[in-house]
$ cat work28.cif   # mmCIF, C-alpha atoms
data_coords
#
loop_
_atom_site.label_atom_id
_atom_site.label_comp_id
_atom_site.auth_asym_id
_atom_site.auth_seq_id
_atom_site.Cartn_x
_atom_site.Cartn_y
_atom_site.Cartn_z
CA VAL A 1 17.71 -7.26 55.53
CA ASP A 2 20.80 -5.19 54.74
CA TRP A 3 19.78 -1.53 54.46
CA GLY A 4 23.32 -0.38 53.70
CA ALA A 5 25.30 2.62 54.88
CA GLN A 6 23.54 5.59 56.48
CA PRO A 7 23.35 7.98 53.48
CA ASP A 8 23.50 11.21 55.48
CA ALA A 9 26.27 10.23 57.91
CA LEU A 10 28.11 13.15 59.52
CA ASP A 11 30.76 11.04 61.24
CA GLY A 12 31.66 7.38 60.89
CA ALA A 13 30.28 4.86 58.44
CA SER A 14 27.15 3.67 60.20
CA HIS A 15 25.57 0.61 58.61
CA SER A 16 21.95 -0.49 59.15
CA THR A 17 20.10 -3.78 58.97
CA GLY A 18 16.52 -4.51 59.88
CA LYS A 19 13.17 -5.98 59.07
CA LEU A 20 9.78 -4.32 58.65
CA VAL A 21 7.37 -6.58 60.56
CA HIS A 22 4.09 -4.71 60.01
CA LYS A 23 3.00 -1.65 58.04
CA GLY A 24 -0.55 -0.34 58.43
CA PRO A 25 -2.63 1.09 55.58
CA ASN A 26 -2.02 4.69 54.42
CA ASN A 27 1.42 4.79 56.07
CA GLN A 28 -0.17 4.28 59.49
CA PRO A 29 1.62 2.56 62.38
CA GLU A 30 4.41 0.24 61.45
CA SER A 31 6.72 -1.92 63.49
CA GLY A 32 10.03 -3.51 62.86
CA ILE A 33 13.52 -4.24 64.06
CA TRP A 34 16.43 -1.92 63.33
CA VAL A 35 20.13 -2.43 64.12
CA CYS A 36 22.95 -0.03 63.31
CA THR A 37 26.67 0.29 63.87
CA PRO A 38 28.13 3.41 65.53
CA GLY A 39 27.97 6.68 63.64
CA ARG A 40 26.52 10.18 63.64
CA TRP A 41 23.82 11.59 61.36
CA ARG A 42 20.89 14.05 61.28
CA LEU A 43 17.50 12.59 62.04
CA SER A 44 14.05 14.00 61.40
CA ILE A 45 11.07 12.40 63.14
CA PRO A 46 7.94 13.18 61.06
CA ARG A 47 5.45 11.47 63.41
CA ASP A 48 5.37 10.11 66.95
CA GLU A 49 7.71 7.17 67.31
CA LEU A 50 8.11 4.57 70.04
CA CYS A 51 11.60 3.12 70.27
CA HIS A 52 12.47 0.20 72.50
CA PHE A 53 16.24 0.03 72.89
CA VAL A 54 17.30 -3.52 73.75
CA ALA A 55 21.08 -2.96 73.59
CA GLY A 56 23.61 -0.22 72.97
CA ARG A 57 23.20 3.48 73.57
CA ALA A 58 22.57 6.71 71.68
CA THR A 59 22.59 10.46 72.24
CA TYR A 60 19.97 12.63 70.54
CA ARG A 61 20.56 16.39 70.35
CA SER A 62 17.84 18.69 69.04
CA ASP A 63 18.51 21.85 67.04
CA VAL A 64 17.57 23.86 70.15
CA GLY A 65 20.04 22.04 72.41
CA GLU A 66 17.83 19.44 74.11
CA VAL A 67 19.83 16.27 74.85
CA ILE A 68 18.29 12.83 75.31
CA GLU A 69 20.58 9.98 76.38
CA VAL A 70 19.13 6.53 75.76
CA SER A 71 20.19 2.99 76.52
CA LYS A 72 18.48 -0.28 77.30
CA GLY A 73 14.81 0.60 77.92
CA THR A 74 11.99 2.49 76.21
CA VAL A 75 11.88 6.02 74.79
CA VAL A 76 9.06 7.90 73.09
CA PHE A 77 9.92 10.64 70.57
CA PRO A 78 7.17 13.16 69.79
CA SER A 79 7.00 14.14 66.13
CA SER A 80 8.54 17.28 64.60
CA ARG A 81 11.86 16.96 66.36
CA LYS A 82 15.04 17.18 64.37
CA ARG A 83 18.15 15.49 65.72
#
$ encode --input "work28.cif" --output "structure tokens"
Amino acid sequence: VDWGAQPDALDGASHSTGKLVHKGPNNQPESGIWVCTPGRWRLSIPRDELCHFVAGRATYRSDVGEVIEVSKGTVVFPSSRKR
């Protein structure tokens, strides 16, 4: 599904596509597939999130300077982090 351009892009014109595969009741765990083109934007993670990167790479920088480099593999993001 075409999700369009990243609305809060800071740099570049990142474009997203994806598919929601499962969404639990009351906004509980969900799973899906997400693909995006290069770009830079702010990200807020309201709840714990498990991301499995199957291709590409990304750099996450928190407001307090923490840097997480990710590539092919698995990363867990605790909630309440802003990137």
$ resolve_selection --input "work28.cif" --expression "the PyMOL selection byres ((chain A and resi 48-53) around 12)" --output "PyMOL selection string"
chain A and resi 28-36+44-47+54-58+69-81
$ atom_distance --input "work28.cif" --atom1 "CA of Ala9 in chain A" --atom2 "CA of Gly65 in chain A"
19.7 Å
$ closest_residue --input "work28.cif" --among "A:Trp41, A:Tyr60, A:Ile68, A:Asn26" --to "Leu10 in chain A" --atoms "all atoms listed in the file"
A:Trp41
$ atom_distance --input "work28.cif" --atom1 "CA of Gly4 in chain A" --atom2 "CA of Pro38 in chain A"
13.3 Å
$ residues_near_point --input "work28.cif" --point "(14.3, -4.3, 57.0)" --cutoff "8 Å" --atoms "only C-alpha atoms" --output "JSON, numbers by chain"
{"A": [1, 2, 3, 17, 18, 19, 20, 32, 33, 34]}
$ atom_distance --input "work28.cif" --atom1 "CA of Pro7 in chain A" --atom2 "CA of Thr59 in chain A"
18.9 Å
$ axis_aligned_box --input "work28.cif" --around "range 17-22 of chain A" --padding-each-side "8 Å" --output "lines of an AutoDock Vina configuration file"
center_x = 12.1
center_y = -5.2
center_z = 59.6
size_x = 32.0
size_y = 18.8
size_z = 17.9
$ closest_residue --input "work28.cif" --among "A:Asp63, A:Asn27, A:His22, A:Ser16" --to "Gly39 in chain A" --atoms "all atoms listed in the file"
A:Ser16
$ closest_residue --input "work28.cif" --among "A:His15, A:Val21, A:Val67, A:Arg61" --to "Arg42 in chain A" --atoms "all atoms listed in the file"
A:Arg61
$ closest_residue --input "work28.cif" --among "A:Pro25, A:Glu66, A:Ser14, A:Asp8" --to "Thr37 in chain A" --atoms "all atoms listed in the file"
A:Ser14
$ decode --input "work28.cif" --residues "chain A" --atoms "C-alpha atoms" --output "PDB file, in the first residue's frame"
ATOM      1  CA  VAL A   1       0.000   0.000   0.000  1.00  0.00           C
ATOM      2  CA  ASP A   2       1.367   3.441  -0.883  1.00  0.00           C
ATOM      3  CA  TRP A   3       1.569   5.524   2.310  1.00  0.00           C
ATOM      4  CA  GLY A   4       2.939   8.562   0.484  1.00  0.00           C
ATOM      5  CA  ALA A   5       5.648  11.038   1.398  1.00  0.00           C
ATOM      6  CA  GLN A   6       6.904  11.304   4.985  1.00  0.00           C
ATOM      7  CA  PRO A   7       4.905  14.350   6.191  1.00  0.00           C
ATOM      8  CA  ASP A   8       7.482  15.595   8.699  1.00  0.00           C
ATOM      9  CA  ALA A   9      10.606  15.156   6.553  1.00  0.00           C
ATOM     10  CA  LEU A  10      13.587  17.280   7.589  1.00  0.00           C
ATOM     11  CA  ASP A  11      15.765  16.378   4.616  1.00  0.00           C
ATOM     12  CA  GLY A  12      14.964  14.553   1.395  1.00  0.00           C
ATOM     13  CA  ALA A  13      11.606  13.375   0.149  1.00  0.00           C
ATOM     14  CA  SER A  14      11.269  10.008   1.851  1.00  0.00           C
ATOM     15  CA  HIS A  15       8.388   7.919   0.537  1.00  0.00           C
ATOM     16  CA  SER A  16       6.812   4.975   2.407  1.00  0.00           C
ATOM     17  CA  THR A  17       4.934   1.865   1.396  1.00  0.00           C
ATOM     18  CA  GLY A  18       3.783  -0.992   3.563  1.00  0.00           C
ATOM     19  CA  LYS A  19       1.104  -3.343   4.732  1.00  0.00           C
ATOM     20  CA  LEU A  20      -0.456  -3.804   8.161  1.00  0.00           C
ATOM     21  CA  VAL A  21      -0.592  -7.586   8.647  1.00  0.00           C
ATOM     22  CA  HIS A  22      -2.154  -7.769  12.124  1.00  0.00           C
ATOM     23  CA  LYS A  23      -3.557  -5.267  14.620  1.00  0.00           C
ATOM     24  CA  GLY A  24      -4.607  -6.460  18.068  1.00  0.00           C
ATOM     25  CA  PRO A  25      -7.634  -5.135  19.974  1.00  0.00           C
ATOM     26  CA  ASN A  26      -7.390  -1.782  21.800  1.00  0.00           C
ATOM     27  CA  ASN A  27      -4.323  -0.740  19.786  1.00  0.00           C
ATOM     28  CA  GLN A  28      -2.354  -3.678  21.200  1.00  0.00           C
ATOM     29  CA  PRO A  29       0.491  -5.374  19.318  1.00  0.00           C
ATOM     30  CA  GLU A  30       0.467  -4.991  15.592  1.00  0.00           C
ATOM     31  CA  SER A  31       2.739  -6.272  12.880  1.00  0.00           C
ATOM     32  CA  GLY A  32       3.395  -5.272   9.353  1.00  0.00           C
ATOM     33  CA  ILE A  33       5.904  -4.536   6.637  1.00  0.00           C
ATOM     34  CA  TRP A  34       7.289  -1.051   6.067  1.00  0.00           C
ATOM     35  CA  VAL A  35       9.602   0.159   3.285  1.00  0.00           C
ATOM     36  CA  CYS A  36      10.901   3.691   2.823  1.00  0.00           C
ATOM     37  CA  THR A  37      13.250   5.588   0.553  1.00  0.00           C
ATOM     38  CA  PRO A  38      16.146   7.631   2.007  1.00  0.00           C
ATOM     39  CA  GLY A  39      15.310  10.719   4.013  1.00  0.00           C
ATOM     40  CA  ARG A  40      15.512  12.319   7.439  1.00  0.00           C
ATOM     41  CA  TRP A  41      12.654  13.020   9.865  1.00  0.00           C
ATOM     42  CA  ARG A  42      11.804  13.174  13.584  1.00  0.00           C
ATOM     43  CA  LEU A  43      10.429  10.002  15.090  1.00  0.00           C
ATOM     44  CA  SER A  44       8.588   9.453  18.351  1.00  0.00           C
ATOM     45  CA  ILE A  45       8.202   5.912  19.660  1.00  0.00           C
ATOM     46  CA  PRO A  46       5.151   5.840  21.990  1.00  0.00           C
ATOM     47  CA  ARG A  47       5.486   2.164  22.994  1.00  0.00           C
ATOM     48  CA  ASP A  48       8.060  -0.613  22.791  1.00  0.00           C
ATOM     49  CA  GLU A  49       8.741  -1.549  19.198  1.00  0.00           C
ATOM     50  CA  LEU A  50      10.557  -4.494  17.643  1.00  0.00           C
ATOM     51  CA  CYS A  51      12.057  -3.741  14.244  1.00  0.00           C
ATOM     52  CA  HIS A  52      13.609  -6.397  12.053  1.00  0.00           C
ATOM     53  CA  PHE A  53      15.703  -4.719   9.373  1.00  0.00           C
ATOM     54  CA  VAL A  54      16.029  -7.001   6.348  1.00  0.00           C
ATOM     55  CA  ALA A  55      17.857  -4.538   4.076  1.00  0.00           C
ATOM     56  CA  GLY A  56      19.265  -1.031   4.076  1.00  0.00           C
ATOM     57  CA  ARG A  57      20.512   0.953   7.037  1.00  0.00           C
ATOM     58  CA  ALA A  58      19.457   3.776   9.343  1.00  0.00           C
ATOM     59  CA  THR A  59      20.894   6.038  12.022  1.00  0.00           C
ATOM     60  CA  TYR A  60      18.756   6.986  15.018  1.00  0.00           C
ATOM     61  CA  ARG A  61      19.846   9.942  17.171  1.00  0.00           C
ATOM     62  CA  SER A  62      18.024  10.732  20.404  1.00  0.00           C
ATOM     63  CA  ASP A  63      17.481  14.243  21.731  1.00  0.00           C
ATOM     64  CA  VAL A  64      20.144  13.514  24.372  1.00  0.00           C
ATOM     65  CA  GLY A  65      22.763  12.433  21.825  1.00  0.00           C
ATOM     66  CA  GLU A  66      22.452   8.640  21.896  1.00  0.00           C
ATOM     67  CA  VAL A  67      23.230   7.177  18.457  1.00  0.00           C
ATOM     68  CA  ILE A  68      21.996   3.791  17.248  1.00  0.00           C
ATOM     69  CA  GLU A  69      23.269   2.526  13.888  1.00  0.00           C
ATOM     70  CA  VAL A  70      21.164  -0.257  12.402  1.00  0.00           C
ATOM     71  CA  SER A  71      21.408  -2.474   9.359  1.00  0.00           C
ATOM     72  CA  LYS A  72      20.394  -5.997   8.447  1.00  0.00           C
ATOM     73  CA  GLY A  73      19.371  -7.662  11.731  1.00  0.00           C
ATOM     74  CA  THR A  74      17.060  -6.999  14.676  1.00  0.00           C
ATOM     75  CA  VAL A  75      16.721  -3.944  16.918  1.00  0.00           C
ATOM     76  CA  VAL A  76      14.415  -3.293  19.862  1.00  0.00           C
ATOM     77  CA  PHE A  77      13.420   0.301  20.667  1.00  0.00           C
ATOM     78  CA  PRO A  78      12.087   0.954  24.182  1.00  0.00           C
ATOM     79  CA  SER A  79       9.187   3.402  24.274  1.00  0.00           C
ATOM     80  CA  SER A  80       9.454   7.128  25.071  1.00  0.00           C
ATOM     81  CA  ARG A  81      12.450   7.760  22.876  1.00  0.00           C
ATOM     82  CA  LYS A  82      12.371  10.612  20.425  1.00  0.00           C
ATOM     83  CA  ARG A  83      14.569  10.430  17.344  1.00  0.00           C
TER      84      ARG A  83
END
